[in-house]
Amino acid sequence: MASTVFGVFAVLAAIVGVVLFLVLRRRPHTRAGAYVTGFCLLLAAGMLAMGHFSFAALESAALNTFTPAERAAALPCDAMVLKADKTDNKLNGRYVWWLRLRVTPRTGGPYEIERTARLTSSMGERLVPGNVVLPCLVTRTDRTRIEIAALA
């Protein structure tokens, strides 16, 4: 969601910057203002684009929450924490943790995935690598989409 907002504002800032530059550059008394305005708006568009890509990376690697229909069709599994690292990023008062998990579905072999999760400091510190196994759900069609209710 946040990546979409940043992306929309980046595109709008770029469009406004180009239009203002082209309009203001035509008049001799506003030519200097055209360069300053264009530079500032394109710089802002670049910063917003960086925010878009940062949030998009976090959102794509985050643990999913399933809809009720997806939850009903999902397969139960277990996720063992292999590695838990607290990042410096904080979102809505919770730190973003980088988790490496070994997912073992009830049918099929185990596999490893990496995900991010927003956790409180106390919850993240309880995820001792190798000792914590959490019940989870995995979709039938995409083994990388998992939901861990204890971390939601």
# chains A, B, ... in the order shown; residues from 1 in each chain; ligands from 1

$ select_by_dssp --residues "stretch 17-125 of chain A" --states "strand (DSSP E)" --output "PyMOL selection string"
chain A and resi 75-91+94-105+111-119

$ write_last_selection --atoms "N, CA, C and O atoms" --output "short mmCIF file (atom, residue, chain, number, x, y, z; two decimals), in the first residue's frame"
data_model
loop_
_atom_site.label_atom_id
_atom_site.label_comp_id
_atom_site.auth_asym_id
_atom_site.auth_seq_id
_atom_site.Cartn_x
_atom_site.Cartn_y
_atom_site.Cartn_z
N LEU A 75 -2.72 -25.31 3.12
CA LEU A 75 -2.22 -26.52 3.77
C LEU A 75 -1.49 -26.16 5.06
O LEU A 75 -0.73 -25.19 5.08
N PRO A 76 -1.65 -26.93 6.12
CA PRO A 76 -0.92 -26.65 7.35
C PRO A 76 0.55 -27.03 7.20
O PRO A 76 0.91 -27.96 6.47
N CYS A 77 1.41 -26.30 7.89
CA CYS A 77 2.84 -26.58 7.85
C CYS A 77 3.47 -26.05 9.14
O CYS A 77 2.80 -25.43 9.96
N ASP A 78 4.75 -26.30 9.28
CA ASP A 78 5.53 -25.78 10.40
C ASP A 78 6.68 -24.96 9.85
O ASP A 78 7.29 -25.32 8.84
N ALA A 79 7.00 -23.85 10.53
CA ALA A 79 8.11 -23.00 10.12
C ALA A 79 9.09 -22.89 11.27
O ALA A 79 8.75 -22.39 12.34
N MET A 80 10.30 -23.39 11.06
CA MET A 80 11.34 -23.30 12.07
C MET A 80 12.21 -22.08 11.76
O MET A 80 12.63 -21.88 10.62
N VAL A 81 12.47 -21.28 12.77
CA VAL A 81 13.28 -20.08 12.60
C VAL A 81 14.75 -20.48 12.55
O VAL A 81 15.28 -21.03 13.51
N LEU A 82 15.40 -20.22 11.42
CA LEU A 82 16.82 -20.50 11.28
C LEU A 82 17.67 -19.29 11.62
O LEU A 82 18.79 -19.42 12.12
N LYS A 83 17.13 -18.10 11.32
CA LYS A 83 17.87 -16.86 11.58
C LYS A 83 16.87 -15.74 11.77
O LYS A 83 15.88 -15.66 11.04
N ALA A 84 17.10 -14.88 12.74
CA ALA A 84 16.24 -13.72 12.99
C ALA A 84 17.12 -12.51 13.26
O ALA A 84 17.85 -12.47 14.24
N ASP A 85 17.07 -11.53 12.36
CA ASP A 85 17.88 -10.32 12.49
C ASP A 85 16.97 -9.10 12.54
O ASP A 85 16.11 -8.93 11.67
N LYS A 86 17.22 -8.25 13.53
CA LYS A 86 16.45 -7.00 13.62
C LYS A 86 17.13 -5.97 12.73
O LYS A 86 18.33 -5.74 12.83
N THR A 87 16.34 -5.36 11.84
CA THR A 87 16.87 -4.30 10.99
C THR A 87 16.72 -2.96 11.70
O THR A 87 16.12 -2.88 12.77
N ASP A 88 17.26 -1.92 11.12
CA ASP A 88 17.12 -0.58 11.69
C ASP A 88 15.82 0.08 11.29
O ASP A 88 15.51 1.16 11.78
N ASN A 89 15.04 -0.56 10.43
CA ASN A 89 13.79 0.02 9.95
C ASN A 89 12.70 -0.19 10.99
O ASN A 89 12.57 -1.25 11.58
N LYS A 90 11.90 0.85 11.15
CA LYS A 90 10.79 0.80 12.10
C LYS A 90 9.56 1.28 11.36
O LYS A 90 9.58 2.29 10.68
N LEU A 91 8.45 0.55 11.47
CA LEU A 91 7.22 0.89 10.79
C LEU A 91 6.07 0.79 11.79
O LEU A 91 5.83 -0.28 12.35
N ARG A 94 6.89 -0.66 15.29
CA ARG A 94 7.44 -2.02 15.37
C ARG A 94 8.66 -2.12 14.46
O ARG A 94 8.68 -1.56 13.38
N TYR A 95 9.64 -2.86 14.91
CA TYR A 95 10.83 -3.06 14.09
C TYR A 95 10.56 -4.09 13.01
O TYR A 95 9.75 -5.00 13.18
N VAL A 96 11.24 -3.94 11.90
CA VAL A 96 11.16 -4.92 10.82
C VAL A 96 12.28 -5.94 11.05
O VAL A 96 13.45 -5.58 11.16
N TRP A 97 11.90 -7.19 11.15
CA TRP A 97 12.86 -8.28 11.38
C TRP A 97 12.99 -9.08 10.09
O TRP A 97 12.02 -9.33 9.39
N TRP A 98 14.21 -9.51 9.78
CA TRP A 98 14.48 -10.35 8.62
C TRP A 98 14.58 -11.78 9.14
O TRP A 98 15.42 -12.09 9.98
N LEU A 99 13.71 -12.66 8.65
CA LEU A 99 13.63 -14.03 9.13
C LEU A 99 14.02 -15.01 8.04
O LEU A 99 13.61 -14.87 6.90
N ARG A 100 14.81 -15.99 8.39
CA ARG A 100 15.09 -17.12 7.50
C ARG A 100 14.40 -18.31 8.13
O ARG A 100 14.64 -18.66 9.28
N LEU A 101 13.48 -18.91 7.36
CA LEU A 101 12.62 -19.98 7.88
C LEU A 101 12.79 -21.26 7.08
O LEU A 101 12.99 -21.22 5.87
N ARG A 102 12.69 -22.39 7.78
CA ARG A 102 12.61 -23.69 7.11
C ARG A 102 11.16 -24.14 7.25
O ARG A 102 10.68 -24.44 8.33
N VAL A 103 10.47 -24.16 6.12
CA VAL A 103 9.06 -24.52 6.09
C VAL A 103 8.94 -26.00 5.79
O VAL A 103 9.51 -26.49 4.81
N THR A 104 8.19 -26.71 6.63
CA THR A 104 7.96 -28.13 6.44
C THR A 104 6.47 -28.37 6.30
O THR A 104 5.74 -28.40 7.30
N PRO A 105 5.99 -28.53 5.05
CA PRO A 105 4.55 -28.82 4.87
C PRO A 105 4.24 -30.25 5.30
O PRO A 105 5.13 -31.10 5.41
N TYR A 111 11.68 -26.78 2.79
CA TYR A 111 12.39 -25.81 1.98
C TYR A 111 12.61 -24.56 2.82
O TYR A 111 11.96 -24.36 3.84
N GLU A 112 13.56 -23.73 2.39
CA GLU A 112 13.89 -22.52 3.14
C GLU A 112 13.44 -21.28 2.37
O GLU A 112 13.56 -21.24 1.15
N ILE A 113 12.94 -20.30 3.12
CA ILE A 113 12.55 -19.01 2.54
C ILE A 113 13.01 -17.90 3.48
O ILE A 113 13.28 -18.15 4.66
N GLU A 114 13.09 -16.69 2.94
CA GLU A 114 13.40 -15.51 3.74
C GLU A 114 12.22 -14.56 3.67
O GLU A 114 11.65 -14.34 2.60
N ARG A 115 11.85 -14.00 4.81
CA ARG A 115 10.72 -13.09 4.88
C ARG A 115 11.03 -11.98 5.88
O ARG A 115 11.90 -12.13 6.75
N THR A 116 10.29 -10.89 5.77
CA THR A 116 10.34 -9.84 6.78
C THR A 116 9.04 -9.87 7.56
O THR A 116 8.01 -10.29 7.06
N ALA A 117 9.13 -9.43 8.80
CA ALA A 117 7.94 -9.36 9.65
C ALA A 117 8.11 -8.17 10.59
O ALA A 117 9.22 -7.89 11.06
N ARG A 118 7.01 -7.46 10.83
CA ARG A 118 7.01 -6.36 11.80
C ARG A 118 6.71 -6.95 13.16
O ARG A 118 5.63 -7.45 13.41
N LEU A 119 7.71 -6.87 14.05
CA LEU A 119 7.56 -7.47 15.37
C LEU A 119 7.96 -6.47 16.44
O LEU A 119 8.75 -5.57 16.20
#

$ residues_around --residues "A:Leu43" --least-positions-apart "3" --cutoff "10 Å" --atoms "only C-alpha atoms" --output "list in words"
Ala10, Ala13, Ala14, Gly17, Thr37, Gly38, Phe39, Cys40, Gly46, Met47, Leu48 and Ala49 of chain A

$ residues_around --residues "A:Val23" --least-positions-apart "6" --cutoff "10 Å" --atoms "only C-alpha atoms" --output "ChimeraX atom specification"
/A:30-31,34

$ residues_around --residues "A:Thr139" --least-positions-apart "2" --cutoff "9 Å" --atoms "only C-alpha atoms" --output "short mmCIF file (atom, residue, chain, number, x, y, z; two decimals) with N, CA, C and O atoms, in the first residue's frame"
data_model
loop_
_atom_site.label_atom_id
_atom_site.label_comp_id
_atom_site.auth_asym_id
_atom_site.auth_seq_id
_atom_site.Cartn_x
_atom_site.Cartn_y
_atom_site.Cartn_z
N GLU A 70 -8.67 -18.15 1.14
CA GLU A 70 -7.31 -18.70 0.99
C GLU A 70 -6.92 -19.51 2.21
O GLU A 70 -6.27 -20.55 2.10
N ARG A 71 -7.33 -19.04 3.38
CA ARG A 71 -7.01 -19.76 4.62
C ARG A 71 -7.69 -21.13 4.64
O ARG A 71 -7.12 -22.11 5.11
N ALA A 73 -8.40 -22.98 2.05
CA ALA A 73 -7.81 -23.86 1.05
C ALA A 73 -6.33 -24.14 1.31
O ALA A 73 -5.73 -24.98 0.64
N ALA A 74 -5.72 -23.47 2.29
CA ALA A 74 -4.29 -23.61 2.53
C ALA A 74 -3.97 -24.91 3.25
O ALA A 74 -4.82 -25.52 3.91
N LEU A 75 -2.72 -25.31 3.12
CA LEU A 75 -2.22 -26.52 3.77
C LEU A 75 -1.49 -26.16 5.06
O LEU A 75 -0.73 -25.19 5.08
N PRO A 76 -1.65 -26.93 6.12
CA PRO A 76 -0.92 -26.65 7.35
C PRO A 76 0.55 -27.03 7.20
O PRO A 76 0.91 -27.96 6.47
N LEU A 137 0.51 -21.68 7.57
CA LEU A 137 -0.28 -22.15 6.45
C LEU A 137 0.45 -21.79 5.17
O LEU A 137 1.07 -20.74 5.08
N THR A 141 -0.80 -23.60 -4.42
CA THR A 141 -0.22 -23.29 -5.73
C THR A 141 1.14 -22.61 -5.64
O THR A 141 1.96 -22.78 -6.52
N ASP A 142 1.40 -21.85 -4.58
CA ASP A 142 2.65 -21.11 -4.45
C ASP A 142 3.26 -21.39 -3.08
O ASP A 142 2.78 -20.90 -2.06
N ARG A 143 4.32 -22.18 -3.06
CA ARG A 143 4.91 -22.58 -1.79
C ARG A 143 5.58 -21.43 -1.05
O ARG A 143 5.89 -21.55 0.13
N THR A 144 5.82 -20.31 -1.73
CA THR A 144 6.47 -19.19 -1.06
C THR A 144 5.49 -18.30 -0.31
O THR A 144 5.90 -17.48 0.49
N ARG A 145 4.20 -18.45 -0.55
CA ARG A 145 3.19 -17.67 0.18
C ARG A 145 2.79 -18.41 1.44
O ARG A 145 2.11 -19.42 1.38
N ILE A 146 3.24 -17.89 2.57
CA ILE A 146 2.91 -18.51 3.86
C ILE A 146 2.30 -17.47 4.78
O ILE A 146 2.51 -16.27 4.61
N GLU A 147 1.54 -17.96 5.75
CA GLU A 147 0.98 -17.12 6.79
C GLU A 147 1.31 -17.75 8.13
O GLU A 147 1.05 -18.94 8.35
#

$ atom_distance --atom1 "atom CA of A:Phe53" --atom2 "atom CA of A:Phe9"
12.8 Å

$ closest_residue --among "A:Val36, A:Ala56, A:Thr67, A:Val8" --to "A:Leu20" --atoms "only C-alpha atoms"
A:Val36

$ select_by_dssp --residues "chain A" --states "helix (DSSP H, G or I)" --output "PyMOL selection string"
chain A and resi 2-25+28-60+68-73+121-126+149-151

$ residues_around --residues "A:Ala149" --least-positions-apart "6" --cutoff "9 Å" --atoms "only C-alpha atoms" --output "ChimeraX atom specification"
/A:65,134-137
